[in-house]
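**Student:** If it helps, the file is called model10.pdb and holds PDB, C-alpha atoms:
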```pdb
MODEL        1
ATOM      1  CA  MET G   1      25.671  70.372  75.536
ATOM      2  CA  PRO G   2      22.646  70.195  77.837
ATOM      3  CA  VAL G   3      19.554  72.068  76.791
ATOM      4  CA  ARG G   4      17.822  74.339  79.274
ATOM      5  CA  VAL G   5      14.313  75.765  78.985
ATOM      6  CA  ASN G   6      13.061  78.236  81.534
ATOM      7  CA  SER G   7      10.010  77.494  83.647
ATOM      8  CA  VAL G   8       7.598  79.549  81.547
ATOM      9  CA  GLU G   9       8.693  77.787  78.396
ATOM     10  CA  LYS G  10       8.286  74.410  80.082
ATOM     11  CA  ILE G  11       4.669  75.233  80.900
ATOM     12  CA  LEU G  12       4.008  76.363  77.338
ATOM     13  CA  ASP G  13       5.658  73.255  75.957
ATOM     14  CA  GLN G  14       3.571  70.969  78.169
ATOM     15  CA  TYR G  15       0.319  72.767  77.355
ATOM     16  CA  TYR G  16       0.621  73.334  73.640
ATOM     17  CA  GLY G  17       2.333  70.189  72.462
ATOM     18  CA  ASP G  18       5.686  68.828  71.523
ATOM     19  CA  ILE G  19       8.709  70.980  70.742
ATOM     20  CA  ASP G  20      11.739  69.493  69.084
ATOM     21  CA  MET G  21      14.709  70.359  71.264
ATOM     22  CA  GLY G  22      17.351  68.290  69.525
ATOM     23  CA  ARG G  23      18.926  71.169  67.647
ATOM     24  CA  ARG G  24      21.556  73.275  69.351
ATOM     25  CA  GLY G  25      21.886  76.992  69.483
ATOM     26  CA  SER G  26      19.452  79.792  70.071
ATOM     27  CA  ARG G  27      16.413  79.855  67.825
ATOM     28  CA  HIS G  28      12.817  81.063  67.663
ATOM     29  CA  ARG G  29      10.001  78.782  66.678
ATOM     30  CA  LYS G  30       6.734  80.310  65.595
ATOM     31  CA  SER G  31       3.621  78.216  65.895
ATOM     32  CA  GLU G  32       1.666  77.407  62.765
ATOM     33  CA  ASP G  33      -1.506  78.325  64.595
ATOM     34  CA  ASP G  34      -2.487  81.961  64.452
ATOM     35  CA  GLU G  35      -4.737  83.565  66.984
ATOM     36  CA  MET G  36      -8.237  83.975  65.634
ATOM     37  CA  SER G  37      -9.546  87.438  64.982
ATOM     38  CA  GLY G  38     -13.082  88.486  65.813
ATOM     39  CA  GLY G  39     -14.265  87.842  62.280
ATOM     40  CA  SER G  40     -12.635  84.424  62.242
ATOM     41  CA  ARG G  41     -14.320  83.542  65.530
ATOM     42  CA  CYS G  42     -17.734  84.508  64.190
ATOM     43  CA  CYS G  43     -17.167  82.540  60.999
ATOM     44  CA  PHE G  44     -15.876  79.571  62.982
ATOM     45  CA  GLY G  45     -18.868  79.557  65.331
ATOM     46  CA  PHE G  46     -21.314  79.832  62.447
ATOM     47  CA  MET G  47     -19.702  76.980  60.515
ATOM     48  CA  VAL G  48     -19.615  74.740  63.599
ATOM     49  CA  PHE G  49     -23.314  75.491  64.095
ATOM     50  CA  ILE G  50     -24.045  74.556  60.474
ATOM     51  CA  ALA G  51     -21.942  71.395  60.778
ATOM     52  CA  GLN G  52     -23.832  70.277  63.877
ATOM     53  CA  ILE G  53     -27.186  70.928  62.199
ATOM     54  CA  LEU G  54     -26.115  68.873  59.186
ATOM     55  CA  LEU G  55     -24.661  66.038  61.281
ATOM     56  CA  HIS G  56     -27.794  65.715  63.382
ATOM     57  CA  GLY G  57     -29.989  66.364  60.339
ATOM     58  CA  VAL G  58     -28.627  63.437  58.300
ATOM     59  CA  VAL G  59     -29.202  61.091  61.255
ATOM     60  CA  GLY G  60     -32.780  62.318  61.634
ATOM     61  CA  LEU G  61     -33.458  62.095  57.891
ATOM     62  CA  VAL G  62     -32.121  58.561  57.468
ATOM     63  CA  LEU G  63     -34.081  57.407  60.519
ATOM     64  CA  PHE G  64     -37.249  59.062  59.156
ATOM     65  CA  TRP G  65     -36.676  57.491  55.738
ATOM     66  CA  VAL G  66     -36.258  54.004  57.208
ATOM     67  CA  ILE G  67     -39.244  54.249  59.554
ATOM     68  CA  GLN G  68     -41.627  55.968  57.155
ATOM     69  CA  TYR G  69     -40.921  54.126  53.908
ATOM     70  CA  HIS G  70     -39.123  50.864  54.669
ATOM     71  CA  SER G  71     -40.764  49.547  57.827
ATOM     72  CA  LYS G  72     -43.615  47.056  57.966
ATOM     73  CA  PRO G  73     -47.092  47.833  59.377
ATOM     74  CA  ASP G  74     -47.205  44.602  61.355
ATOM     75  CA  LYS G  75     -43.821  45.249  62.951
ATOM     76  CA  ALA G  76     -43.413  47.693  65.813
ATOM     77  CA  TRP G  77     -39.683  48.131  65.163
ATOM     78  CA  PRO G  78     -38.193  49.022  61.755
ATOM     79  CA  PHE G  79     -35.058  46.953  62.397
ATOM     80  CA  SER G  80     -34.408  43.254  62.698
ATOM     81  CA  TRP G  81     -31.478  40.885  63.099
ATOM     82  CA  LYS G  82     -31.303  37.524  61.298
ATOM     83  CA  THR G  83     -35.107  37.115  61.209
ATOM     84  CA  ASP G  84     -36.391  39.473  58.490
ATOM     85  CA  PRO G  85     -33.961  40.339  55.640
ATOM     86  CA  GLU G  86     -35.834  43.486  54.636
ATOM     87  CA  LEU G  87     -35.813  44.922  58.153
ATOM     88  CA  GLU G  88     -32.246  43.790  58.714
ATOM     89  CA  PHE G  89     -31.211  45.801  55.671
ATOM     90  CA  ASN G  90     -32.557  48.935  57.381
ATOM     91  CA  LEU G  91     -29.658  48.671  59.807
ATOM     92  CA  HIS G  92     -27.229  49.222  56.942
ATOM     93  CA  PRO G  93     -28.029  52.836  55.943
ATOM     94  CA  PHE G  94     -28.792  53.935  59.502
ATOM     95  CA  LEU G  95     -25.649  52.522  61.132
ATOM     96  CA  MET G  96     -23.387  53.533  58.252
ATOM     97  CA  ILE G  97     -24.599  57.109  58.582
ATOM     98  CA  MET G  98     -24.138  56.926  62.357
ATOM     99  CA  GLY G  99     -20.660  55.448  62.154
ATOM    100  CA  PHE G 100     -19.038  56.996  59.104
ATOM    101  CA  ILE G 101     -20.781  60.379  59.128
ATOM    102  CA  TYR G 102     -22.045  61.307  62.608
ATOM    103  CA  PHE G 103     -19.478  59.762  64.952
ATOM    104  CA  THR G 104     -16.535  60.385  62.623
ATOM    105  CA  GLY G 105     -17.675  63.970  62.035
ATOM    106  CA  GLN G 106     -17.976  64.605  65.757
ATOM    107  CA  ALA G 107     -14.547  63.054  66.295
ATOM    108  CA  MET G 108     -12.977  65.480  63.826
ATOM    109  CA  LEU G 109     -14.736  68.455  65.370
ATOM    110  CA  MET G 110     -13.315  67.636  68.816
ATOM    111  CA  TYR G 111      -9.949  69.085  67.817
ATOM    112  CA  ARG G 112     -11.585  72.369  66.857
ATOM    113  CA  THR G 113     -14.418  72.876  69.330
ATOM    114  CA  CYS G 114     -12.750  71.739  72.577
ATOM    115  CA  ARG G 115     -10.721  74.910  72.907
ATOM    116  CA  CYS G 116     -10.738  75.320  76.675
ATOM    117  CA  CYS G 117      -9.389  71.914  77.706
ATOM    118  CA  ARG G 118      -6.026  70.221  77.466
ATOM    119  CA  ARG G 119      -5.089  68.346  74.307
ATOM    120  CA  ILE G 120      -5.174  64.995  76.081
ATOM    121  CA  TRP G 121      -8.924  65.388  76.700
ATOM    122  CA  SER G 122      -9.512  66.327  73.069
ATOM    123  CA  LYS G 123      -7.656  63.196  72.021
ATOM    124  CA  LEU G 124      -9.675  61.080  74.446
ATOM    125  CA  LEU G 125     -12.952  62.415  72.997
ATOM    126  CA  HIS G 126     -11.605  61.953  69.475
ATOM    127  CA  THR G 127     -10.755  58.333  70.249
ATOM    128  CA  THR G 128     -14.082  57.710  72.002
ATOM    129  CA  PHE G 129     -16.123  58.791  68.981
ATOM    130  CA  HIS G 130     -14.051  56.541  66.730
ATOM    131  CA  LEU G 131     -14.586  53.661  69.143
ATOM    132  CA  LEU G 132     -18.337  54.279  68.853
ATOM    133  CA  ALA G 133     -18.125  54.391  65.049
ATOM    134  CA  ALA G 134     -16.289  51.066  64.651
ATOM    135  CA  PRO G 135     -19.093  48.709  65.870
ATOM    136  CA  CYS G 136     -21.709  50.676  63.903
ATOM    137  CA  ILE G 137     -19.754  50.140  60.689
ATOM    138  CA  ALA G 138     -19.139  46.452  61.424
ATOM    139  CA  ILE G 139     -22.795  45.700  62.210
ATOM    140  CA  ALA G 140     -23.963  47.644  59.137
ATOM    141  CA  PHE G 141     -21.633  45.618  56.909
ATOM    142  CA  VAL G 142     -22.865  42.305  58.342
ATOM    143  CA  ALA G 143     -26.484  43.454  57.943
ATOM    144  CA  VAL G 144     -26.219  44.134  54.213
ATOM    145  CA  TYR G 145     -24.182  40.957  53.690
ATOM    146  CA  ASP G 146     -26.912  38.880  55.354
ATOM    147  CA  TYR G 147     -29.636  40.702  53.431
ATOM    148  CA  LYS G 148     -28.097  39.827  50.078
ATOM    149  CA  ASN G 149     -27.710  36.190  51.098
ATOM    150  CA  ASP G 150     -31.172  35.782  52.662
ATOM    151  CA  ARG G 151     -33.260  37.933  50.327
ATOM    152  CA  VAL G 152     -36.534  36.400  49.100
ATOM    153  CA  ASN G 153     -38.876  37.462  46.304
ATOM    154  CA  ASP G 154     -42.634  38.073  46.365
ATOM    155  CA  LYS G 155     -43.289  34.320  46.225
ATOM    156  CA  ASN G 156     -41.131  33.794  49.331
ATOM    157  CA  SER G 157     -38.516  31.964  47.265
ATOM    158  CA  PRO G 158     -34.780  32.569  47.765
ATOM    159  CA  ASP G 159     -33.595  35.447  45.596
ATOM    160  CA  PRO G 160     -30.044  36.360  46.670
ATOM    161  CA  ILE G 161     -28.154  39.339  45.282
ATOM    162  CA  PRO G 162     -24.472  39.054  44.225
ATOM    163  CA  HIS G 163     -21.947  40.690  46.537
ATOM    164  CA  PHE G 164     -19.632  43.547  45.573
ATOM    165  CA  TYR G 165     -20.941  44.059  42.040
ATOM    166  CA  SER G 166     -21.696  47.794  42.231
ATOM    167  CA  ILE G 167     -19.672  50.984  42.423
ATOM    168  CA  HIS G 168     -21.266  51.616  45.811
ATOM    169  CA  SER G 169     -19.907  48.360  47.244
ATOM    170  CA  TRP G 170     -16.416  48.961  45.850
ATOM    171  CA  MET G 171     -16.342  52.452  47.315
ATOM    172  CA  GLY G 172     -17.651  51.091  50.618
ATOM    173  CA  LEU G 173     -14.862  48.522  50.860
ATOM    174  CA  THR G 174     -12.283  51.211  50.107
ATOM    175  CA  THR G 175     -13.750  53.516  52.738
ATOM    176  CA  MET G 176     -13.798  50.778  55.374
ATOM    177  CA  GLY G 177     -10.168  49.985  54.585
ATOM    178  CA  LEU G 178      -9.184  53.636  55.010
ATOM    179  CA  PHE G 179     -11.125  53.859  58.259
ATOM    180  CA  ALA G 180      -9.456  50.722  59.649
ATOM    181  CA  LEU G 181      -6.015  52.037  58.698
ATOM    182  CA  GLN G 182      -6.750  55.419  60.264
ATOM    183  CA  PHE G 183      -8.065  53.807  63.423
ATOM    184  CA  ILE G 184      -5.047  51.529  63.865
ATOM    185  CA  VAL G 185      -2.487  54.263  63.189
ATOM    186  CA  GLY G 186      -4.305  56.792  65.371
ATOM    187  CA  PHE G 187      -4.734  54.380  68.269
ATOM    188  CA  PHE G 188      -1.098  53.295  68.012
ATOM    189  CA  SER G 189       0.018  56.931  68.075
ATOM    190  CA  PHE G 190      -2.212  57.617  71.077
ATOM    191  CA  LEU G 191      -0.696  54.696  72.977
ATOM    192  CA  LEU G 192       2.767  56.039  72.203
ATOM    193  CA  LEU G 193       1.686  59.379  73.648
ATOM    194  CA  LEU G 194       0.645  57.722  76.906
ATOM    195  CA  CYS G 195       3.660  55.421  77.161
ATOM    196  CA  CYS G 196       6.599  57.548  76.052
ATOM    197  CA  GLU G 197       5.530  61.082  75.195
ATOM    198  CA  SER G 198       8.936  62.747  74.963
ATOM    199  CA  ALA G 199      10.684  59.961  73.055
ATOM    200  CA  THR G 200       8.049  59.847  70.300
ATOM    201  CA  ALA G 201       7.370  63.568  69.977
ATOM    202  CA  SER G 202       9.056  64.073  66.613
ATOM    203  CA  PHE G 203       7.458  60.926  65.147
ATOM    204  CA  ARG G 204       3.971  61.934  66.256
ATOM    205  CA  ALA G 205       4.461  65.497  65.041
ATOM    206  CA  ALA G 206       5.341  64.178  61.574
ATOM    207  CA  LEU G 207       2.298  61.882  61.677
ATOM    208  CA  VAL G 208      -0.239  64.629  62.452
ATOM    209  CA  PRO G 209      -0.631  66.164  58.936
ATOM    210  CA  ILE G 210      -0.790  62.701  57.345
ATOM    211  CA  HIS G 211      -3.408  61.527  59.831
ATOM    212  CA  SER G 212      -5.457  64.687  59.343
ATOM    213  CA  THR G 213      -5.375  64.466  55.544
ATOM    214  CA  PHE G 214      -6.314  60.802  55.449
ATOM    215  CA  GLY G 215      -9.043  61.433  58.028
ATOM    216  CA  ILE G 216     -10.817  64.034  55.947
ATOM    217  CA  THR G 217     -10.282  61.885  52.834
ATOM    218  CA  THR G 218     -12.021  58.966  54.573
ATOM    219  CA  PHE G 219     -14.893  61.246  55.596
ATOM    220  CA  VAL G 220     -15.358  62.547  52.041
ATOM    221  CA  MET G 221     -15.170  59.002  50.674
ATOM    222  CA  ALA G 222     -17.843  57.926  53.167
ATOM    223  CA  ILE G 223     -20.177  60.679  51.978
ATOM    224  CA  ALA G 224     -19.580  59.821  48.324
ATOM    225  CA  THR G 225     -20.306  56.170  49.117
ATOM    226  CA  ALA G 226     -23.489  57.105  50.972
ATOM    227  CA  CYS G 227     -24.719  59.181  48.029
ATOM    228  CA  THR G 228     -24.145  56.332  45.568
ATOM    229  CA  GLY G 229     -25.918  53.966  47.958
ATOM    230  CA  LEU G 230     -28.915  56.277  48.253
ATOM    231  CA  THR G 231     -29.158  56.527  44.469
ATOM    232  CA  GLU G 232     -28.893  52.757  44.106
ATOM    233  CA  LYS G 233     -31.596  52.154  46.712
ATOM    234  CA  ALA G 234     -33.841  54.789  45.121
ATOM    235  CA  PHE G 235     -33.734  53.025  41.759
ATOM    236  CA  PHE G 236     -34.285  49.653  43.395
ATOM    237  CA  SER G 237     -37.274  50.697  45.504
ATOM    238  CA  LEU G 238     -38.868  53.355  43.280
ATOM    239  CA  SER G 239     -37.837  52.135  39.816
ATOM    240  CA  VAL G 240     -38.776  54.663  37.114
ATOM    241  CA  ALA G 241     -40.993  56.461  39.637
ATOM    242  CA  TYR G 242     -37.870  58.091  41.067
ATOM    243  CA  SER G 243     -37.638  60.426  38.084
ATOM    244  CA  LYS G 244     -41.338  61.251  38.122
ATOM    245  CA  TRP G 245     -41.290  63.549  41.120
ATOM    246  CA  VAL G 246     -40.345  66.517  38.921
ATOM    247  CA  PRO G 247     -43.421  66.446  36.610
ATOM    248  CA  TYR G 248     -45.556  65.475  39.597
ATOM    249  CA  PHE G 249     -44.327  68.508  41.524
ATOM    250  CA  MET G 250     -44.722  70.835  38.530
ATOM    251  CA  SER G 251     -48.275  69.663  37.942
ATOM    252  CA  LYS G 252     -49.104  70.454  41.564
ATOM    253  CA  VAL G 253     -47.562  73.924  41.294
ATOM    254  CA  THR G 254     -49.029  74.920  37.957
ATOM    255  CA  LYS G 255     -52.271  72.938  38.433
ATOM    256  CA  ASN G 256     -52.392  72.213  34.724
ATOM    257  CA  ASN G 257     -52.966  68.459  35.214
ATOM    258  CA  GLN G 258     -50.543  67.607  32.399
ATOM    259  CA  PHE G 259     -49.000  64.943  34.599
ATOM    260  CA  GLU G 260     -51.029  61.753  34.759
ATOM    261  CA  PRO G 261     -50.326  59.946  38.027
ATOM    262  CA  ASN G 262     -51.928  56.713  36.913
ATOM    263  CA  ASN G 263     -49.423  56.355  34.056
ATOM    264  CA  ALA G 264     -46.322  57.303  36.002
ATOM    265  CA  LEU G 265     -44.979  53.777  36.273
ATOM    266  CA  GLN G 266     -45.772  52.689  32.751
ATOM    267  CA  PRO G 267     -44.628  50.546  31.047
ATOM    268  CA  LEU G 268     -43.036  48.629  33.985
ATOM    269  CA  SER G 269     -46.038  48.573  36.270
ATOM    270  CA  SER G 270     -49.683  49.486  36.428
ATOM    271  CA  ASN G 271     -49.452  50.826  39.977
ATOM    272  CA  PRO G 272     -50.436  54.485  40.354
ATOM    273  CA  TYR G 273     -47.968  57.151  41.366
ATOM    274  CA  THR G 274     -48.591  58.135  44.990
ATOM    275  CA  ASP G 275     -47.691  60.942  47.343
ATOM    276  CA  ASP G 276     -45.490  58.509  49.282
ATOM    277  CA  MET G 277     -43.346  57.979  46.187
ATOM    278  CA  PHE G 278     -42.963  61.712  45.778
ATOM    279  CA  TRP G 279     -42.026  62.326  49.409
ATOM    280  CA  GLU G 280     -39.612  59.393  49.519
ATOM    281  CA  SER G 281     -37.857  60.804  46.450
ATOM    282  CA  MET G 282     -37.643  64.197  48.133
ATOM    283  CA  THR G 283     -36.358  62.654  51.385
ATOM    284  CA  ILE G 284     -33.581  60.833  49.549
ATOM    285  CA  ASN G 285     -32.558  63.970  47.663
ATOM    286  CA  VAL G 286     -32.583  66.200  50.759
ATOM    287  CA  LEU G 287     -30.543  63.622  52.667
ATOM    288  CA  ALA G 288     -27.977  63.529  49.860
ATOM    289  CA  ALA G 289     -27.889  67.347  49.748
ATOM    290  CA  ALA G 290     -27.201  67.484  53.504
ATOM    291  CA  LEU G 291     -24.343  65.020  53.049
ATOM    292  CA  VAL G 292     -22.872  67.166  50.282
ATOM    293  CA  GLY G 293     -23.148  70.178  52.607
ATOM    294  CA  LEU G 294     -20.933  68.335  55.094
ATOM    295  CA  VAL G 295     -18.360  67.818  52.334
ATOM    296  CA  VAL G 296     -18.145  71.599  52.035
ATOM    297  CA  VAL G 297     -18.187  72.539  55.729
ATOM    298  CA  MET G 298     -16.104  69.849  57.431
ATOM    299  CA  PRO G 299     -12.851  70.150  55.421
ATOM    300  CA  ILE G 300     -12.840  73.905  55.962
ATOM    301  CA  LEU G 301     -13.273  73.519  59.727
ATOM    302  CA  VAL G 302     -10.606  70.851  59.994
ATOM    303  CA  LEU G 303      -7.961  72.101  57.567
ATOM    304  CA  HIS G 304      -8.205  75.891  57.582
ATOM    305  CA  PRO G 305      -5.252  77.302  59.588
ATOM    306  CA  LYS G 306      -7.298  80.168  61.051
ATOM    307  CA  PHE G 307      -9.587  77.709  62.849
ATOM    308  CA  ARG G 308      -6.907  75.883  64.783
ATOM    309  CA  ASN G 309      -7.285  76.096  68.500
ATOM    310  CA  ARG G 310      -3.893  77.246  69.723
ATOM    311  CA  PRO G 311      -2.969  80.930  69.759
ATOM    312  CA  GLN G 312       0.145  82.269  68.144
ATOM    313  CA  ARG G 313       3.199  82.024  70.302
ATOM    314  CA  ILE G 314       6.958  82.352  70.101
ATOM    315  CA  ILE G 315       9.057  80.040  72.221
ATOM    316  CA  THR G 316      12.748  80.619  72.715
ATOM    317  CA  VAL G 317      15.003  77.651  73.311
ATOM    318  CA  THR G 318      18.530  78.351  74.463
ATOM    319  CA  HIS G 319      21.439  76.276  75.609
ATOM    320  CA  ASP G 320      23.748  76.947  78.478
ATOM    321  CA  ARG G 321      27.136  77.656  76.975
ATOM    322  CA  TYR G 322      28.924  76.920  80.248
ATOM    323  CA  GLY G 323      27.047  73.670  80.997
TER
ENDMDL
END
```
Mind converting the file's structure to structure tokens?

**Tutor:**
Amino acid sequence: MPVRVNSVEKILDQYYGDIDMGRRGSRHRKSEDDEMSGGSRCCFGFMVFIAQILLHGVVGLVLFWVIQYHSKPDKAWPFSWKTDPELEFNLHPFLMIMGFIYFTGQAMLMYRTCRCCRRIWSKLLHTTFHLLAAPCIAIAFVAVYDYKNDRVNDKNSPDPIPHFYSIHSWMGLTTMGLFALQFIVGFFSFLLLLCCESATASFRAALVPIHSTFGITTFVMAIATACTGLTEKAFFSLSVAYSKWVPYFMSKVTKNNQFEPNNALQPLSSNPYTDDMFWESMTINVLAAALVGLVVVMPILVLHPKFRNRPQRIITVTHDRYG
């Protein structure tokens, strides 16, 4: 029998999403999204504020770290492409943070913060941020690949590093694979929405929870990969000095001079421990802590049912018994 929906229900269906109308009979369908209370709104606004601070903070910290501690005095720009392996490597942490953390994080927040516009605009913004993330990730991967091939030692002799030997590189490959899969599936689903919205409604509705779960999994994997990469770089660049910031800090606080800066790098080096080593260690740790903060905040914003952007509604679908 033909299915009839009154004009009000048609408007609600068009605005809020897809409603499966294949079943016959009279039924009530309650949305999974509950209207937010005042307390939920305050909590939601506060957590979005914290998320934005952390997202912008990690970008600022990684840029500060690269410029302050891994640039060269004779170079005006801390990045390079194909000319200086050390400066080319700087593209890797910066662009990976931009692509995997900042742009992907903003893409996920679009579904929660764009509450006053139609869903199609939220999806367009979501797709745009992922389109911005993809080239960042690709360029960052090429940069570290070139660095390992073109690396030279202090005597300017070739000193390449093996590829894909570390836990960080294995996790990075896995994360890039998840991101590529998410991007292809999401873009394919978006094209289906534009081409044949009604015919693919049930398929896309079934795809939403899977896409959301894999999206947040990819984001968490990216943060875990970034933290392992920061630790790896800290041990490469600071050696045993990385662990010396604790006694150095305690000696400054207590002023008991039990820490001897000149012996901090013994027995691997005779170089003295400097303030730059201390502050680079602190920068790396604060950057990692901000990334861990995003692991806590972002899944709650994306997955908690109280923070979804559509109010509770009941839609009645009836059929015309007499055709």

**Student:** Residues of range 272-304 of chain G that have any atom at most 10 Å from an atom of range 108-125 of chain G: could you tabulate them with the shortest-distance atom pair and the distance in Å to one decimal, using all atoms listed in the file, ordered by chain and increasing number, as a Markdown table?

**Tutor:**
```
| residue | atom | partner | partner_atom | distance |
| --- | --- | --- | --- | --- |
| G:Met298 | CA | G:Leu109 | CA | 8.2 |
| G:Pro299 | CA | G:Met108 | CA | 9.6 |
| G:Leu301 | CA | G:Arg112 | CA | 7.4 |
| G:Val302 | CA | G:Met108 | CA | 7.0 |
| G:Leu303 | CA | G:Arg112 | CA | 10.0 |
```

**Student:** So, with all atoms listed in the file as the atoms that count, which of G:Met36, G:Val142, G:Ile167, G:Val48 lies closest to Val297 in chain G?

**Tutor:**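 Nearest candidate to Val297 in chain G out of G:Met36, G:Val142, G:Ile167, G:Val48: G:Val48.
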
**Student:** Could you list the residues chosen by the PyMOL selection byres ((chain G and resi 193) around 12) in this structure as a PyMOL selection string?

**Tutor:** chain G and resi 17-18+119-120+123-124+186-192+194-205

**Student:** What is the distance between CA of Tyr102 in chain G and CA of Arg41 in chain G, in Å to one decimal?

**Tutor:**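 So the answer is 23.7 Å.
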
**Student:** Work out how far CA of Gly57 in chain G is from CA of Ala133 in chain G, in Å to one decimal.

**Tutor:** 17.5 Å

**Student:** Which of these residues is nearest to Lys233 in chain G, using only C-alpha atoms: G:Asn153, G:Ser40, G:Asn285, G:Thr175?

**Tutor:**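 Selected residue with least distance to Lys233 in chain G: G:Asn285.
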
**Student:** Pull out every residue that the PyMOL selection byres ((chain G and resi 93-96) around 6) matches in the shown coordinates and put them as a count of residues only.

**Tutor:** 9

**Student:** Distance CA of Phe46 in chain G-CA of Phe103 in chain G, one decimal place?

**Tutor:**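 Separation of CA of Phe46 in chain G and CA of Phe103 in chain G: 20.3 Å.
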
**Student:** Just so the selection is clear, what residues does the PyMOL selection byres ((chain G and resi 183) around 10) cover here, as a ChimeraX atom specification?

**Tutor:** /G:127,130-131,134,177-182,184-189,211,215

**Student:** With C-alpha atoms retained, write the just-selected residues as a PDB file, in the frame of the given file.

**Tutor:**
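To be explicit, this is the file written out as out-v2.pdb:
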```pdb
ATOM      1  CA  THR G 127     -10.755  58.333  70.249  1.00  0.00           C
ATOM      2  CA  HIS G 130     -14.051  56.541  66.730  1.00  0.00           C
ATOM      3  CA  LEU G 131     -14.586  53.661  69.143  1.00  0.00           C
ATOM      4  CA  ALA G 134     -16.289  51.066  64.651  1.00  0.00           C
ATOM      5  CA  GLY G 177     -10.168  49.985  54.585  1.00  0.00           C
ATOM      6  CA  LEU G 178      -9.184  53.636  55.010  1.00  0.00           C
ATOM      7  CA  PHE G 179     -11.125  53.859  58.259  1.00  0.00           C
ATOM      8  CA  ALA G 180      -9.456  50.722  59.649  1.00  0.00           C
ATOM      9  CA  LEU G 181      -6.015  52.037  58.698  1.00  0.00           C
ATOM     10  CA  GLN G 182      -6.750  55.419  60.264  1.00  0.00           C
ATOM     11  CA  ILE G 184      -5.047  51.529  63.865  1.00  0.00           C
ATOM     12  CA  VAL G 185      -2.487  54.263  63.189  1.00  0.00           C
ATOM     13  CA  GLY G 186      -4.305  56.792  65.371  1.00  0.00           C
ATOM     14  CA  PHE G 187      -4.734  54.380  68.269  1.00  0.00           C
ATOM     15  CA  PHE G 188      -1.098  53.295  68.012  1.00  0.00           C
ATOM     16  CA  SER G 189       0.018  56.931  68.075  1.00  0.00           C
ATOM     17  CA  HIS G 211      -3.408  61.527  59.831  1.00  0.00           C
ATOM     18  CA  GLY G 215      -9.043  61.433  58.028  1.00  0.00           C
TER      19      GLY G 215
END
```

**Student:** Provide an axis-aligned box for all listed atoms of range 216-222 of chain G, padding each side by 5 Å; report its centre and its edge lengths in Å to one decimal, as JSON.

**Tutor:**
```
{"center_x": -14.1, "center_y": 61.0, "center_z": 53.3, "size_x": 17.6, "size_y": 16.1, "size_z": 15.3}
```

**Student:** Could you give me, as a CSV table (one decimal) with C-alpha atoms, in the coordinates of the input, the residues within 9 Å of Val246 in chain G, counting only C-alpha atoms and dropping anything in the same chain fewer than 4 positions from it?

**Tutor:**
```
chain,number,residue,atom,x,y,z
G,250,MET,CA,-44.7,70.8,38.5
G,251,SER,CA,-48.3,69.7,37.9
G,278,PHE,CA,-43.0,61.7,45.8
```

**Student:** Identify which of the residues G:Ser281, G:Thr104, G:Ser80, G:Thr254 lies closest to Ala222 in chain G, counting all atoms listed in the file when measuring atom-to-atom distances.

**Tutor:**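 Looking only at the distances to Ala222 in chain G, the closest residue turns out to be G:Thr104.
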
**Student:** Would you mind listing what lies within 9 Å of His163 in chain G as a list in words, with only C-alpha atoms counted and same-chain residues fewer than 5 positions away left out?

**Tutor:**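 Counting only the stated atoms, we get Tyr145, Lys148, Asn149 and Ser169 of chain G.
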
**Student:** Please dump the current selection as a CSV table (one decimal), keeping the file's coordinate frame; keep C-alpha atoms.

**Tutor:**
```
chain,number,residue,atom,x,y,z
G,145,TYR,CA,-24.2,41.0,53.7
G,148,LYS,CA,-28.1,39.8,50.1
G,149,ASN,CA,-27.7,36.2,51.1
G,169,SER,CA,-19.9,48.4,47.2
```

**Student:** Could you pull the residues within 12 Å of Cys43 in chain G, counting all atoms listed in the file, minus those fewer than 4 positions along the same chain, as a list in words?

**Tutor:**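 Once the adjacent positions are removed, what remains is Met36, Ser37, Gly38, Gly39, Met47, Val48, Phe49, Ile50, Val297, Ile300, Leu301, His304, Lys306 and Phe307 of chain G.
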
**Student:** Using all atoms listed in the file, collect all residues at a distance of at most 12 Å from (-21.9, 68.0, 51.5) as written in the file, then present them as a PyMOL selection string.

**Tutor:** chain G and resi 50-51+54-55+58+101+219-224+226-227+286-300

**Student:** Generate a file for range 210-230 of chain G, containing C-alpha atoms, as a compact mmCIF listing (two decimals), in the first residue's frame.

**Tutor:**
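out_29.txt, freshly written:
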```txt
# COMPACT_ATOMS: atom_id res chain seq x y z
CA ILE G 210 30.67 2.32 11.99
CA HIS G 211 32.12 5.46 10.43
CA SER G 212 31.96 7.33 13.73
CA THR G 213 33.64 4.53 15.69
CA PHE G 214 36.44 4.07 13.19
CA GLY G 215 36.89 7.84 12.99
CA ILE G 216 37.53 8.25 16.69
CA THR G 217 39.71 5.11 16.64
CA THR G 218 41.86 6.67 13.90
CA PHE G 219 42.14 9.89 15.91
CA VAL G 220 43.23 8.05 19.06
CA MET G 221 45.71 5.98 17.05
CA ALA G 222 47.14 9.19 15.57
CA ILE G 223 47.70 10.63 19.04
CA ALA G 224 49.33 7.43 20.28
CA THR G 225 51.59 7.46 17.22
CA ALA G 226 52.50 11.10 17.80
CA CYS G 227 53.42 10.40 21.43
CA THR G 228 55.70 7.50 20.46
CA GLY G 229 57.28 9.69 17.78
CA LEU G 230 57.93 12.49 20.26
```
